[in-house]
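The next block is query_27.txt, given as compact mmCIF, C-alpha atoms.
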```
# COMPACT_ATOMS: atom_id res chain seq x y z
CA MET A 1 -6.79 21.72 5.48
CA THR A 2 -4.54 22.90 2.69
CA VAL A 3 -1.13 24.04 3.85
CA ALA A 4 1.61 25.26 1.56
CA TYR A 5 4.89 23.73 2.65
CA GLY A 6 8.16 25.28 1.60
CA VAL A 7 9.62 21.94 0.58
CA GLU A 8 7.68 18.74 0.09
CA LEU A 9 8.96 15.44 -1.25
CA SER A 10 7.09 12.17 -1.73
CA PHE A 11 8.46 8.83 -2.85
CA VAL A 12 8.03 5.11 -2.28
CA SER A 13 10.30 3.14 0.04
CA MET A 14 9.98 0.11 2.34
CA GLY A 15 6.83 -0.78 0.43
CA SER A 16 5.18 2.42 1.65
CA ASP A 17 4.54 6.00 0.63
CA VAL A 18 7.06 8.32 2.27
CA THR A 19 6.55 12.07 2.65
CA ILE A 20 8.96 14.75 3.84
CA ARG A 21 7.79 18.30 4.50
CA VAL A 22 9.75 21.37 5.57
CA VAL A 23 8.06 24.54 6.87
CA ASP A 24 9.86 27.90 6.47
CA PRO A 25 12.77 26.22 4.68
CA ALA A 26 16.33 27.36 5.19
CA PRO A 27 18.53 27.79 2.09
CA GLU A 28 19.94 24.28 2.54
CA ALA A 29 16.51 22.66 2.92
CA GLU A 30 16.51 21.09 -0.54
CA ALA A 31 19.89 19.46 0.05
CA ALA A 32 18.81 18.29 3.50
CA THR A 33 15.66 16.77 2.06
CA THR A 34 17.72 14.88 -0.49
CA ARG A 35 19.96 13.57 2.27
CA ALA A 36 16.90 12.52 4.25
CA ARG A 37 15.57 10.56 1.29
CA GLU A 38 18.94 8.88 0.82
CA ALA A 39 19.02 7.94 4.50
CA ILE A 40 15.59 6.31 4.27
CA GLU A 41 16.50 4.42 1.12
CA GLU A 42 19.72 3.19 2.67
CA VAL A 43 17.84 1.72 5.62
CA ALA A 44 15.33 0.13 3.27
CA ARG A 45 18.03 -1.34 1.07
CA HIS A 46 19.99 -2.97 3.89
CA LEU A 47 17.17 -4.06 6.23
CA THR A 48 14.63 -5.57 3.85
CA ARG A 49 14.09 -9.31 4.05
CA PHE A 50 12.35 -9.37 0.68
CA ASP A 51 15.57 -8.77 -1.28
CA PRO A 52 17.85 -11.83 -1.11
CA HIS A 53 20.89 -9.60 -1.62
CA SER A 54 20.22 -7.16 1.24
CA ALA A 55 22.64 -7.11 4.15
CA LEU A 56 19.94 -8.55 6.40
CA SER A 57 19.06 -11.34 3.97
CA LEU A 58 22.71 -12.32 3.64
CA ALA A 59 23.07 -12.49 7.41
CA ASN A 60 19.78 -14.39 7.72
CA ALA A 61 21.06 -16.98 5.23
CA GLU A 62 23.72 -17.99 7.77
CA PRO A 63 22.55 -16.68 11.14
CA ASP A 64 25.08 -18.64 13.17
CA ARG A 65 28.22 -16.91 11.94
CA TRP A 66 29.70 -13.42 11.79
CA HIS A 67 29.05 -11.23 8.73
CA ASP A 68 30.55 -7.98 7.49
CA ALA A 69 27.73 -5.47 7.69
CA PRO A 70 26.99 -1.83 6.91
CA SER A 71 26.60 0.52 9.85
CA VAL A 72 22.85 0.64 9.27
CA LEU A 73 22.52 -3.08 10.02
CA VAL A 74 24.96 -2.91 12.93
CA GLY A 75 22.91 -0.07 14.42
CA ALA A 76 19.60 -1.84 13.80
CA ILE A 77 20.70 -5.01 15.56
CA THR A 78 22.18 -3.06 18.45
CA GLU A 79 18.94 -1.12 18.88
CA SER A 80 16.82 -4.25 18.50
CA PHE A 81 18.80 -6.05 21.17
CA ALA A 82 18.31 -3.11 23.55
CA ALA A 83 14.59 -3.20 22.80
CA HIS A 84 14.52 -6.97 23.36
CA LEU A 85 16.02 -6.52 26.81
CA LEU A 86 13.99 -3.46 27.83
CA THR A 87 10.68 -5.04 26.84
CA ASP A 88 11.47 -8.29 28.67
CA GLY A 89 11.49 -10.12 25.36
CA LEU A 90 8.16 -8.84 24.03
CA PHE A 91 10.06 -7.15 21.23
CA ASP A 92 11.68 -10.10 19.48
CA PRO A 93 12.95 -9.91 15.87
CA ARG A 94 13.01 -13.71 15.71
CA VAL A 95 9.26 -13.78 15.02
CA GLY A 96 10.18 -13.31 11.36
CA GLY A 97 10.30 -17.10 11.03
CA THR A 98 6.68 -17.38 12.15
CA LEU A 99 5.60 -14.71 9.66
CA GLU A 100 7.36 -16.61 6.89
CA ALA A 101 5.61 -19.81 7.93
CA TRP A 102 2.30 -17.94 7.65
CA GLY A 103 3.10 -16.95 4.07
CA TYR A 104 4.37 -13.44 4.79
CA ASP A 105 7.66 -14.19 3.06
CA ARG A 106 7.11 -11.65 0.31
CA ASP A 107 5.79 -8.13 0.06
CA TYR A 108 2.43 -7.90 1.79
CA ALA A 109 0.71 -6.93 -1.44
CA GLU A 110 1.40 -10.48 -2.63
CA VAL A 111 0.09 -12.17 0.50
CA THR A 112 -3.37 -13.36 -0.45
CA ALA A 113 -6.36 -14.70 1.51
CA GLY A 114 -8.28 -11.65 2.55
CA PRO A 115 -8.87 -9.99 5.92
CA TRP A 116 -11.17 -11.21 8.66
CA ALA A 117 -13.54 -9.37 10.99
CA LEU A 118 -11.68 -7.57 13.78
CA GLY A 119 -14.37 -8.48 16.28
CA ILE A 120 -13.24 -12.10 16.46
CA HIS A 121 -9.82 -11.08 17.81
CA ARG A 122 -10.72 -11.26 21.49
CA ALA A 123 -9.22 -14.31 23.16
CA ARG A 124 -5.57 -15.04 23.75
CA ARG A 125 -4.28 -17.95 21.75
CA GLY A 126 -1.49 -20.41 22.14
CA THR A 127 0.55 -21.66 25.03
CA PRO A 128 4.00 -20.44 26.04
CA VAL A 129 6.81 -21.79 23.90
CA GLU A 130 10.44 -22.23 24.84
CA ARG A 131 12.46 -19.69 22.89
CA GLY A 132 15.52 -18.83 24.97
CA GLN A 133 17.30 -15.53 25.17
CA TRP A 134 18.17 -13.82 21.89
CA ARG A 135 21.91 -13.14 21.94
CA PRO A 136 23.09 -11.37 18.83
CA GLY A 137 26.59 -9.92 18.48
CA VAL A 138 27.90 -6.77 16.90
CA THR A 139 31.24 -5.11 16.31
CA ARG A 140 31.85 -1.82 14.56
CA ASP A 141 31.35 -3.44 11.14
CA GLN A 142 30.20 -6.99 11.75
CA VAL A 143 27.05 -8.68 13.02
CA HIS A 144 26.10 -12.10 14.35
CA LEU A 145 22.39 -12.91 14.50
CA GLY A 146 22.74 -15.31 17.38
CA GLY A 147 21.70 -18.34 15.37
CA SER A 148 18.21 -17.16 14.41
CA ARG A 149 16.78 -15.56 11.29
CA ILE A 150 15.35 -12.17 12.18
CA ASP A 151 12.88 -9.60 10.84
CA LEU A 152 13.60 -5.92 11.49
CA GLY A 153 10.19 -4.79 10.31
CA GLY A 154 9.31 -3.95 13.88
CA ILE A 155 11.89 -1.19 14.09
CA GLY A 156 13.09 -0.53 10.54
CA LYS A 157 10.71 2.28 9.67
CA GLY A 158 11.38 3.98 12.96
CA LEU A 159 15.11 3.85 12.30
CA ALA A 160 14.58 5.21 8.79
CA VAL A 161 12.53 8.11 10.14
CA ARG A 162 15.18 8.75 12.79
CA HIS A 163 17.96 8.97 10.18
CA ALA A 164 15.82 11.25 8.01
CA MET A 165 14.97 13.54 10.88
CA GLN A 166 18.65 13.85 11.74
CA ALA A 167 19.44 14.75 8.12
CA LEU A 168 16.77 17.46 8.25
CA ALA A 169 18.16 19.22 11.34
CA GLY A 170 18.04 22.96 10.76
CA ALA A 171 16.25 22.61 7.41
CA GLY A 172 13.31 24.76 8.51
CA SER A 173 11.19 25.93 11.41
CA SER A 174 9.27 22.63 11.36
CA ILE A 175 9.66 19.29 9.65
CA LEU A 176 7.53 16.23 9.06
CA VAL A 177 8.75 12.79 8.04
CA ASP A 178 6.04 10.22 7.35
CA ALA A 179 7.05 6.68 6.43
CA GLY A 180 3.85 4.77 5.82
CA GLY A 181 2.17 6.00 9.00
CA ASP A 182 5.18 6.15 11.32
CA GLU A 183 6.12 9.79 11.67
CA TYR A 184 8.33 12.44 13.24
CA LEU A 185 6.91 15.92 13.79
CA GLY A 186 9.61 18.49 14.47
CA GLY A 187 8.94 22.08 15.53
CA PRO A 188 5.61 23.77 16.20
CA GLY A 189 4.10 22.91 12.82
CA PRO A 190 2.69 25.08 10.03
CA ASP A 191 0.43 27.20 12.26
CA GLY A 192 2.84 27.41 15.18
CA THR A 193 0.57 25.62 17.64
CA GLY A 194 1.87 22.07 17.23
CA TRP A 195 1.35 19.56 14.44
CA LYS A 196 -2.23 18.30 14.41
CA VAL A 197 -2.00 14.54 14.03
CA GLY A 198 -5.07 12.45 13.38
CA VAL A 199 -5.12 8.90 14.74
CA GLU A 200 -6.72 6.59 12.23
CA ASP A 201 -9.82 4.62 13.21
CA PRO A 202 -8.81 0.96 12.76
CA LEU A 203 -12.49 0.00 12.56
CA GLU A 204 -12.93 2.49 9.70
CA LEU A 205 -16.21 3.78 11.17
CA VAL A 206 -14.89 7.35 11.14
CA GLU A 207 -11.72 8.92 9.79
CA HIS A 208 -10.05 9.70 13.11
CA VAL A 209 -10.55 8.57 16.69
CA LEU A 210 -8.20 11.17 18.18
CA VAL A 211 -6.47 14.36 17.16
CA LEU A 212 -3.16 15.04 18.90
CA ALA A 213 -1.12 18.24 19.14
CA VAL A 214 2.52 17.27 18.72
CA VAL A 215 5.80 19.15 18.93
CA ASP A 216 9.21 17.49 18.54
CA LEU A 217 7.90 13.96 18.93
CA ALA A 218 7.58 10.82 16.89
CA VAL A 219 4.31 8.98 16.57
CA ALA A 220 3.91 5.34 15.64
CA THR A 221 0.84 3.16 15.31
CA SER A 222 0.74 -0.61 15.49
CA SER A 223 -2.49 -1.90 14.11
CA ILE A 224 -4.08 -4.89 12.50
CA ALA A 225 -6.35 -2.68 10.43
CA ARG A 226 -4.61 -3.80 7.26
CA GLN A 227 -2.10 -6.63 7.60
CA ARG A 228 -4.30 -9.55 8.58
CA TRP A 229 -5.03 -12.63 6.55
CA THR A 230 -5.90 -16.29 6.93
CA VAL A 231 -3.72 -19.38 6.80
CA ALA A 232 -5.68 -22.55 6.07
CA GLY A 233 -8.75 -20.77 7.36
CA VAL A 234 -7.07 -19.57 10.56
CA PRO A 235 -7.00 -15.79 11.08
CA VAL A 236 -3.52 -14.36 11.61
CA HIS A 237 -1.91 -10.93 11.52
CA HIS A 238 1.58 -9.46 11.37
CA LEU A 239 2.06 -8.73 15.09
CA VAL A 240 3.28 -12.04 16.42
CA ASP A 241 3.46 -12.67 20.15
CA PRO A 242 6.92 -14.20 20.68
CA ARG A 243 5.76 -15.89 23.89
CA THR A 244 3.30 -18.12 22.05
CA GLN A 245 4.21 -17.67 18.38
CA THR A 246 0.57 -16.79 17.72
CA PRO A 247 -1.15 -13.54 16.69
CA GLY A 248 -0.79 -11.23 19.70
CA GLY A 249 -2.75 -8.34 21.19
CA ALA A 250 -6.05 -10.05 21.95
CA GLY A 251 -8.83 -7.50 22.16
CA LEU A 252 -6.84 -4.70 20.56
CA ALA A 253 -7.24 -3.22 17.10
CA ALA A 254 -4.54 -0.54 17.28
CA VAL A 255 -2.05 1.20 19.58
CA THR A 256 -0.49 4.64 19.04
CA VAL A 257 2.56 5.89 20.93
CA LEU A 258 4.23 9.29 21.18
CA HIS A 259 7.95 9.22 21.94
CA PRO A 260 10.90 11.55 21.33
CA ASP A 261 12.62 8.90 19.20
CA PRO A 262 10.95 7.38 16.11
CA ALA A 263 12.51 3.94 16.54
CA TRP A 264 11.37 3.71 20.14
CA ALA A 265 7.91 4.98 19.29
CA GLU A 266 7.66 1.98 16.99
CA VAL A 267 9.14 -0.45 19.53
CA TRP A 268 6.76 0.66 22.27
CA SER A 269 3.69 0.68 20.06
CA LYS A 270 4.34 -2.93 19.07
CA THR A 271 5.19 -3.97 22.61
CA LEU A 272 2.05 -2.37 24.00
CA TYR A 273 -0.02 -4.00 21.29
CA LEU A 274 1.28 -7.41 22.31
CA CYS A 275 0.16 -6.76 25.90
CA GLY A 276 -3.42 -7.13 24.73
CA ALA A 277 -6.50 -5.28 25.95
CA ASP A 278 -6.28 -6.75 29.45
CA ASP A 279 -2.75 -5.64 30.29
CA ILE A 280 -1.96 -2.60 28.17
CA ALA A 281 -3.12 0.08 30.62
CA ALA A 282 -0.97 -1.22 33.46
CA TYR A 283 2.06 -1.70 31.22
CA ALA A 284 1.78 1.81 29.75
CA ALA A 285 1.40 3.34 33.20
CA ASP A 286 4.31 1.33 34.58
CA ARG A 287 6.60 2.54 31.76
CA ASP A 288 5.15 6.07 31.77
CA LEU A 289 4.34 5.79 28.06
CA ALA A 290 2.26 8.27 26.10
CA ALA A 291 -0.12 5.86 24.43
CA ALA A 292 -3.65 5.54 23.13
CA TRP A 293 -5.37 2.36 22.02
CA VAL A 294 -8.52 1.18 20.32
CA THR A 295 -10.14 -2.10 21.27
CA VAL A 296 -11.76 -4.41 18.73
CA ASP A 297 -15.17 -3.12 19.79
CA GLY A 298 -14.07 0.46 19.04
CA THR A 299 -13.46 1.79 22.54
CA VAL A 300 -10.72 4.45 22.60
CA LEU A 301 -8.54 4.68 25.72
CA CYS A 302 -5.55 6.83 26.66
CA SER A 303 -2.68 6.68 29.13
CA GLU A 304 -2.27 9.64 31.46
CA ARG A 305 0.94 10.61 29.69
CA ILE A 306 -0.75 11.20 26.32
CA ARG A 307 -3.73 13.14 27.63
CA PRO A 308 -2.06 16.59 27.43
CA HIS A 309 -1.66 16.02 23.68
CA VAL A 310 -5.27 15.05 23.02
CA ILE A 311 -7.20 17.98 21.57
CA TRP A 312 -10.13 15.94 20.29
CA GLN A 313 -11.54 12.47 20.85
CA VAL A 314 -14.31 10.70 19.03
CA THR A 315 -17.50 9.82 20.90
CA ARG A 316 -19.37 6.70 19.93
CA MET B 317 -23.51 32.32 47.77
CA THR B 318 -25.76 29.25 47.74
CA ASP B 319 -24.28 26.53 45.61
CA LEU B 320 -26.36 24.66 43.06
CA PRO B 321 -26.75 21.32 44.89
CA THR B 322 -27.76 23.06 48.13
CA ALA B 323 -30.31 25.25 46.40
CA GLY B 324 -31.65 22.21 44.59
CA ARG B 325 -32.13 20.35 47.84
CA ARG B 326 -33.96 23.35 49.31
CA VAL B 327 -36.32 23.48 46.37
CA ALA B 328 -37.01 19.79 46.73
CA ALA B 329 -37.66 20.15 50.46
CA LEU B 330 -39.92 23.14 50.03
CA ALA B 331 -41.91 21.37 47.38
CA PHE B 332 -43.28 19.10 50.11
CA ILE B 333 -44.45 21.98 52.30
CA PRO B 334 -47.60 23.02 50.37
CA GLY B 335 -48.78 19.42 50.27
CA SER B 336 -48.21 18.80 53.94
CA VAL B 337 -49.80 22.05 54.99
CA ALA B 338 -52.80 21.35 52.78
CA ALA B 339 -53.13 17.89 54.25
CA PHE B 340 -53.01 19.41 57.71
CA GLY B 341 -55.76 21.88 56.75
CA THR B 342 -57.97 19.14 55.33
CA ALA B 343 -57.59 17.10 58.47
CA LEU B 344 -58.52 20.15 60.51
CA VAL B 345 -61.74 20.63 58.50
CA TRP B 346 -62.63 16.95 58.86
CA ALA B 347 -62.01 17.07 62.60
CA SER B 348 -64.13 20.20 63.00
CA SER B 349 -67.07 18.66 61.19
CA HIS B 350 -66.92 15.63 63.43
CA ASP B 351 -66.47 17.52 66.72
CA PRO B 352 -69.10 16.05 69.05
CA LEU B 353 -69.05 19.26 71.13
CA ALA B 354 -69.70 21.48 68.17
CA THR B 355 -73.04 23.33 68.18
CA ALA B 356 -75.22 22.56 65.20
CA SER B 357 -75.95 25.64 63.24
CA THR B 358 -78.06 25.99 60.14
CA SER B 359 -76.51 29.29 59.33
CA SER B 360 -73.05 27.71 59.04
CA ALA B 361 -74.31 25.61 56.15
CA THR B 362 -75.44 28.58 54.15
CA THR B 363 -72.93 31.23 55.29
CA PRO B 364 -69.51 29.69 55.58
CA SER B 365 -67.42 31.22 58.28
CA VAL B 366 -63.63 31.51 57.96
CA ASP B 367 -61.84 29.07 60.22
CA PRO B 368 -58.79 30.92 61.68
CA ALA B 369 -56.67 27.76 61.71
CA LEU B 370 -57.51 26.98 58.10
CA ALA B 371 -56.79 30.56 57.05
CA ALA B 372 -53.45 30.42 58.76
CA ALA B 373 -52.65 27.15 57.01
CA GLN B 374 -53.65 28.61 53.66
CA ALA B 375 -51.41 31.60 54.29
CA LYS B 376 -48.54 29.25 54.95
CA VAL B 377 -49.27 27.40 51.72
CA ASP B 378 -49.22 30.66 49.76
CA GLU B 379 -46.03 31.77 51.42
CA ALA B 380 -44.33 28.45 50.73
CA GLN B 381 -45.35 28.54 47.10
CA GLN B 382 -43.96 32.04 46.72
CA ARG B 383 -40.70 30.98 48.31
CA LEU B 384 -40.63 27.97 46.02
CA GLU B 385 -40.95 30.18 42.95
CA GLN B 386 -38.23 32.44 44.28
CA LEU B 387 -35.85 29.55 44.76
CA ARG B 388 -36.62 28.12 41.34
CA SER B 389 -35.70 31.45 39.76
CA GLU B 390 -32.53 31.57 41.82
CA VAL B 391 -31.47 28.06 40.74
CA GLU B 392 -32.16 28.77 37.09
CA GLY B 393 -30.14 31.98 37.32
CA GLN B 394 -27.19 30.20 38.91
CA ALA B 395 -27.24 27.41 36.31
CA SER B 396 -27.25 29.94 33.52
CA ALA B 397 -24.38 31.89 35.10
CA ALA B 398 -22.35 28.69 35.59
CA ALA B 399 -22.77 27.71 31.94
CA SER B 400 -21.64 31.14 30.79
CA ALA B 401 -18.62 31.04 33.09
CA ALA B 402 -17.56 27.59 31.83
CA SER B 403 -17.84 28.71 28.24
CA ALA B 404 -15.83 31.86 28.89
CA SER B 405 -13.19 29.89 30.78
CA ALA B 406 -12.75 27.37 27.94
CA SER B 407 -12.44 30.19 25.40
CA ALA B 408 -9.90 31.98 27.55
CA ALA B 409 -7.82 28.81 28.00
CA GLN B 410 -7.85 28.16 24.28
CA ALA B 411 -6.91 31.74 23.47
CA GLN B 412 -4.11 31.58 26.01
CA ALA B 413 -2.79 28.32 24.53
CA GLN B 414 -2.79 29.79 21.04
CA ALA B 415 -1.14 33.01 22.18
CA GLN B 416 1.61 31.11 23.98
CA ALA B 417 2.27 28.83 21.03
CA LYS B 418 2.41 31.74 18.60
CA ALA B 419 4.73 33.68 20.86
CA ALA B 420 7.44 31.06 20.45
CA ALA B 421 10.09 31.93 17.88
CA PRO B 422 9.65 29.63 14.85
CA ALA B 423 13.24 28.40 14.82
CA ALA B 424 13.52 28.10 18.59
CA LYS B 425 12.92 24.92 20.51
CA ALA B 426 9.17 24.65 20.46
CA PRO B 427 7.25 24.55 23.72
CA ALA B 428 5.32 21.51 24.75
CA PRO B 429 1.82 21.79 23.33
CA LYS B 430 -0.64 23.36 25.71
CA ALA B 431 -3.12 20.91 27.07
CA ALA B 432 -6.29 21.84 25.31
CA ALA B 433 -9.47 20.60 26.88
CA PRO B 434 -11.10 17.94 24.70
CA LYS B 435 -13.95 19.61 22.89
CA ALA B 436 -17.61 18.98 23.47
CA ALA B 437 -18.83 15.47 22.89
CA ALA B 438 -20.37 15.84 19.49
CA ALA B 439 -17.89 18.35 18.09
CA PRO B 440 -16.44 17.34 14.73
CA ALA B 441 -12.75 16.48 14.49
CA PRO B 442 -10.57 19.53 13.90
CA PRO B 443 -8.52 19.66 10.70
CA VAL B 444 -5.31 17.63 10.82
CA GLN B 445 -2.03 18.03 8.99
CA THR B 446 -1.13 14.35 8.98
CA THR B 447 -2.49 10.99 10.11
CA THR B 448 -0.76 8.15 11.93
CA THR B 449 -1.96 4.83 10.62
CA ALA B 450 -1.39 1.15 10.47
CA SER B 451 1.60 0.45 8.30
CA ARG B 452 0.45 1.61 4.88
CA LYS B 453 1.84 -0.96 2.49
CA ARG B 454 1.51 -0.20 -1.19
```

I need this file expressed as structure tokens, please.
Amino acid sequence: MTVAYGVELSFVSMGSDVTIRVVDPAPEAEAATTRAREAIEEVARHLTRFDPHSALSLANAEPDRWHDAPSVLVGAITESFAAHLLTDGLFDPRVGGTLEAWGYDRDYAEVTAGPWALGIHRARRGTPVERGQWRPGVTRDQVHLGGSRIDLGGIGKGLAVRHAMQALAGAGSSILVDAGGDEYLGGPGPDGTGWKVGVEDPLELVEHVLVLAVVDLAVATSSIARQRWTVAGVPVHHLVDPRTQTPGGAGLAAVTVLHPDPAWAEVWSKTLYLCGADDIAAYAADRDLAAAWVTVDGTVLCSERIRPHVIWQVTR
Amino acid sequence: MTDLPTAGRRVAALAFIPGSVAAFGTALVWASSHDPLATASTSSATTPSVDPALAAAQAKVDEAQQRLEQLRSEVEGQASAAASAASASASAAQAQAQAQAKAAAPAAKAPAPKAAAPKAAAAPAPPVQTTTTASRKR
């Protein structure tokens, strides 16, 4: 479908393509779009672990002391700690160390050793490891990482989209912010009946497995469709289960969550993914989450909360 | 109005009637031909007479078959009407959802999207304006 948007801006940030669209733009839409881009780039600049001079990298270099920090990092650690508590530790930024040990210590494009067949990702791996409670500290302009190096990749894009969406308030009748697949859809969309959001097929058998109608919600997908590789012949992926320090989400290929807040859409999609195919339905129901997931054999399942948004589902 | 399952069961039940009546008639003929009290008659071999019991049984068979045809027509009619009603209902719901969404002022707080019934099994995916994906790294 070709839709003419009043304002559209695309650029690269956080190693991903970012797109901002404004429907029926107000006079200040251009300026708002510029502010949204600046907000995304600020998050990227401070929260990346691939730049040794970023605020996060500087804190990671000495995680057991206090650091002066920009408000973006203070906010990210505050939000991450809340997510850590609310998910009973399933959301844990300390898994960054495991990713680095698996070679993901640079941009993913430079991580070699190609992908493996999704179908083998069925059984849980690893045994519980002792990790203790993560106890970071924050003040208005300082952070303490609680003694552990951390990775904010599990929430960073969501925070970037949140800041952008706030910058775009009032810019038009509808807005879209897409940061590499994590999105916010504001307003009723170009045709006034809700944004039509396709959910990618992680098995790549078809283009979409679901089409959702979305108004004023964020959507995030956690998937191993792309970021999976091998380490000494062992298949791994980027969604580490903090309980075992092994690749999590046995039996699942992807999880998509709708949530009013972009950062929490990302948190819940990752948390639900780590539940694995056996436990995700109960966890989503217990938390009343709007979620859909695809198993490694291609089965598509939905929580009750997301069903009102589903306008089409693949059959296979 | 007879519902579809009930009518279906009636058709199934009636389908047994012609067979059972015919079996009864056949048994009657066999019994008559082996009646030790029956008077032998040469004329009966050349000029068949109509057995009243057999005629009555045949009439019942014909009646049952007619009723069976009637019920089949009724069931087919109901199935066709139900399919039309479902189609009309889905169209009406979709039209209503679109009308409600369009009625909302563009700048106003948008309503929650109307729950559209998932389309028929083999329907192609509708056009989308964006796609949520695994993290798309460049």

Straight-line distance linking CA of Arg226 (chain A) with CA of Ser54 (chain A), stated in Å to one decimal: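 Between these atoms lies a distance of 25.8 Å.
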
Listing only residues of chain A within 6 Å of chain B, what is the closest atom pair and its distance in Å (to one decimal) for each, using all atoms listed in the file, sorted by chain and residue number ascending, as a tab-separated table?
```
residue	atom	partner	partner_atom	distance
A:Met1	CA	B:Pro443	CA	5.9
A:Gly15	CA	B:Lys453	CA	5.4
A:Ser16	CA	B:Lys453	CA	4.8
A:Ser173	CA	B:Ala423	CA	4.7
A:Gly180	CA	B:Arg452	CA	4.7
A:Gly181	CA	B:Thr449	CA	4.6
A:Gly187	CA	B:Ala426	CA	5.6
A:Pro188	CA	B:Ala426	CA	5.6
A:Gly192	CA	B:Lys418	CA	5.5
A:Thr193	CA	B:Ala417	CA	5.0
A:Lys196	CA	B:Val444	CA	4.8
A:Val197	CA	B:Thr446	CA	5.1
A:Gly198	CA	B:Thr447	CA	4.4
A:Val199	CA	B:Thr448	CA	5.2
A:Glu200	CA	B:Thr449	CA	5.3
A:Thr221	CA	B:Ala450	CA	5.7
A:Ser222	CA	B:Ala450	CA	5.7
A:Ser223	CA	B:Ala450	CA	4.9
A:Pro308	CA	B:Ala431	CA	4.5
A:Ile311	CA	B:Pro434	CA	5.0
A:Trp312	CA	B:Pro434	CA	4.9
```

What residues have an atom no more than 12 Å from (-10.4, 0.1, 7.5) in the file's own frame, counting all atoms listed in the file, and can you write them as an mmCIF file with C-alpha atoms, in the coordinates of the input?
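Resulting contents of selection36.cif:
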```
data_model
loop_
_atom_site.group_PDB
_atom_site.id
_atom_site.type_symbol
_atom_site.label_atom_id
_atom_site.label_comp_id
_atom_site.auth_asym_id
_atom_site.auth_seq_id
_atom_site.Cartn_x
_atom_site.Cartn_y
_atom_site.Cartn_z
ATOM 1 C CA PRO A 115 -8.870 -9.990 5.920
ATOM 2 C CA TRP A 116 -11.170 -11.210 8.660
ATOM 3 C CA ALA A 117 -13.540 -9.370 10.990
ATOM 4 C CA LEU A 118 -11.680 -7.570 13.780
ATOM 5 C CA GLU A 200 -6.720 6.590 12.230
ATOM 6 C CA ASP A 201 -9.820 4.620 13.210
ATOM 7 C CA PRO A 202 -8.810 0.960 12.760
ATOM 8 C CA LEU A 203 -12.490 0.000 12.560
ATOM 9 C CA GLU A 204 -12.930 2.490 9.700
ATOM 10 C CA LEU A 205 -16.210 3.780 11.170
ATOM 11 C CA VAL A 206 -14.890 7.350 11.140
ATOM 12 C CA GLU A 207 -11.720 8.920 9.790
ATOM 13 C CA HIS A 208 -10.050 9.700 13.110
ATOM 14 C CA SER A 223 -2.490 -1.900 14.110
ATOM 15 C CA ILE A 224 -4.080 -4.890 12.500
ATOM 16 C CA ALA A 225 -6.350 -2.680 10.430
ATOM 17 C CA ARG A 226 -4.610 -3.800 7.260
ATOM 18 C CA GLN A 227 -2.100 -6.630 7.600
ATOM 19 C CA ARG A 228 -4.300 -9.550 8.580
ATOM 20 C CA ALA A 253 -7.240 -3.220 17.100
ATOM 21 C CA ALA A 254 -4.540 -0.540 17.280
ATOM 22 C CA THR B 449 -1.960 4.830 10.620
ATOM 23 C CA ALA B 450 -1.390 1.150 10.470
ATOM 24 C CA ARG B 452 0.450 1.610 4.880
#
```

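Note that CA of His237 (chain A) and CA of Leu274 (chain A) are 11.8 Å apart.
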
Distance query Leu301 (chain A) at most 12 Å, all atoms listed in the file, self and fewer than 4 positions along chain excluded, as JSON, numbers by chain: {"A": [209, 210, 252, 253, 254, 255, 256, 277, 280, 281, 284, 290, 291, 292, 293, 294, 295, 296, 297, 305, 306, 307, 310, 313, 314, 315]}

Now that the selection is made, can you save its residues with C-alpha atoms as a CSV table (one decimal), in the frame of the given file?
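Output file again_14.csv follows:
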```csv
chain,number,residue,atom,x,y,z
A,209,VAL,CA,-10.6,8.6,16.7
A,210,LEU,CA,-8.2,11.2,18.2
A,252,LEU,CA,-6.8,-4.7,20.6
A,253,ALA,CA,-7.2,-3.2,17.1
A,254,ALA,CA,-4.5,-0.5,17.3
A,255,VAL,CA,-2.0,1.2,19.6
A,256,THR,CA,-0.5,4.6,19.0
A,277,ALA,CA,-6.5,-5.3,26.0
A,280,ILE,CA,-2.0,-2.6,28.2
A,281,ALA,CA,-3.1,0.1,30.6
A,284,ALA,CA,1.8,1.8,29.8
A,290,ALA,CA,2.3,8.3,26.1
A,291,ALA,CA,-0.1,5.9,24.4
A,292,ALA,CA,-3.6,5.5,23.1
A,293,TRP,CA,-5.4,2.4,22.0
A,294,VAL,CA,-8.5,1.2,20.3
A,295,THR,CA,-10.1,-2.1,21.3
A,296,VAL,CA,-11.8,-4.4,18.7
A,297,ASP,CA,-15.2,-3.1,19.8
A,305,ARG,CA,0.9,10.6,29.7
A,306,ILE,CA,-0.8,11.2,26.3
A,307,ARG,CA,-3.7,13.1,27.6
A,310,VAL,CA,-5.3,15.0,23.0
A,313,GLN,CA,-11.5,12.5,20.8
A,314,VAL,CA,-14.3,10.7,19.0
A,315,THR,CA,-17.5,9.8,20.9
```

Of the listed residues A:Asp286, A:Asp178, A:Glu183, A:Asp191, that which approaches Glu266 (chain A) most closely, counting only C-alpha atoms: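 Comparing A:Asp286, A:Asp178, A:Glu183, A:Asp191 against Glu266 (chain A), the winner is A:Glu183.
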
Selection as a PyMOL selection string: residues within 12 Å of (17.0, -5.9, 4.1), counting all atoms listed in the file: chain A and resi 13-15+41-61+69-70+72-73+76+150-153+156-157

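Here CA of Leu159 (chain A) is placed at a distance of 5.0 Å from CA of Ala263 (chain A).
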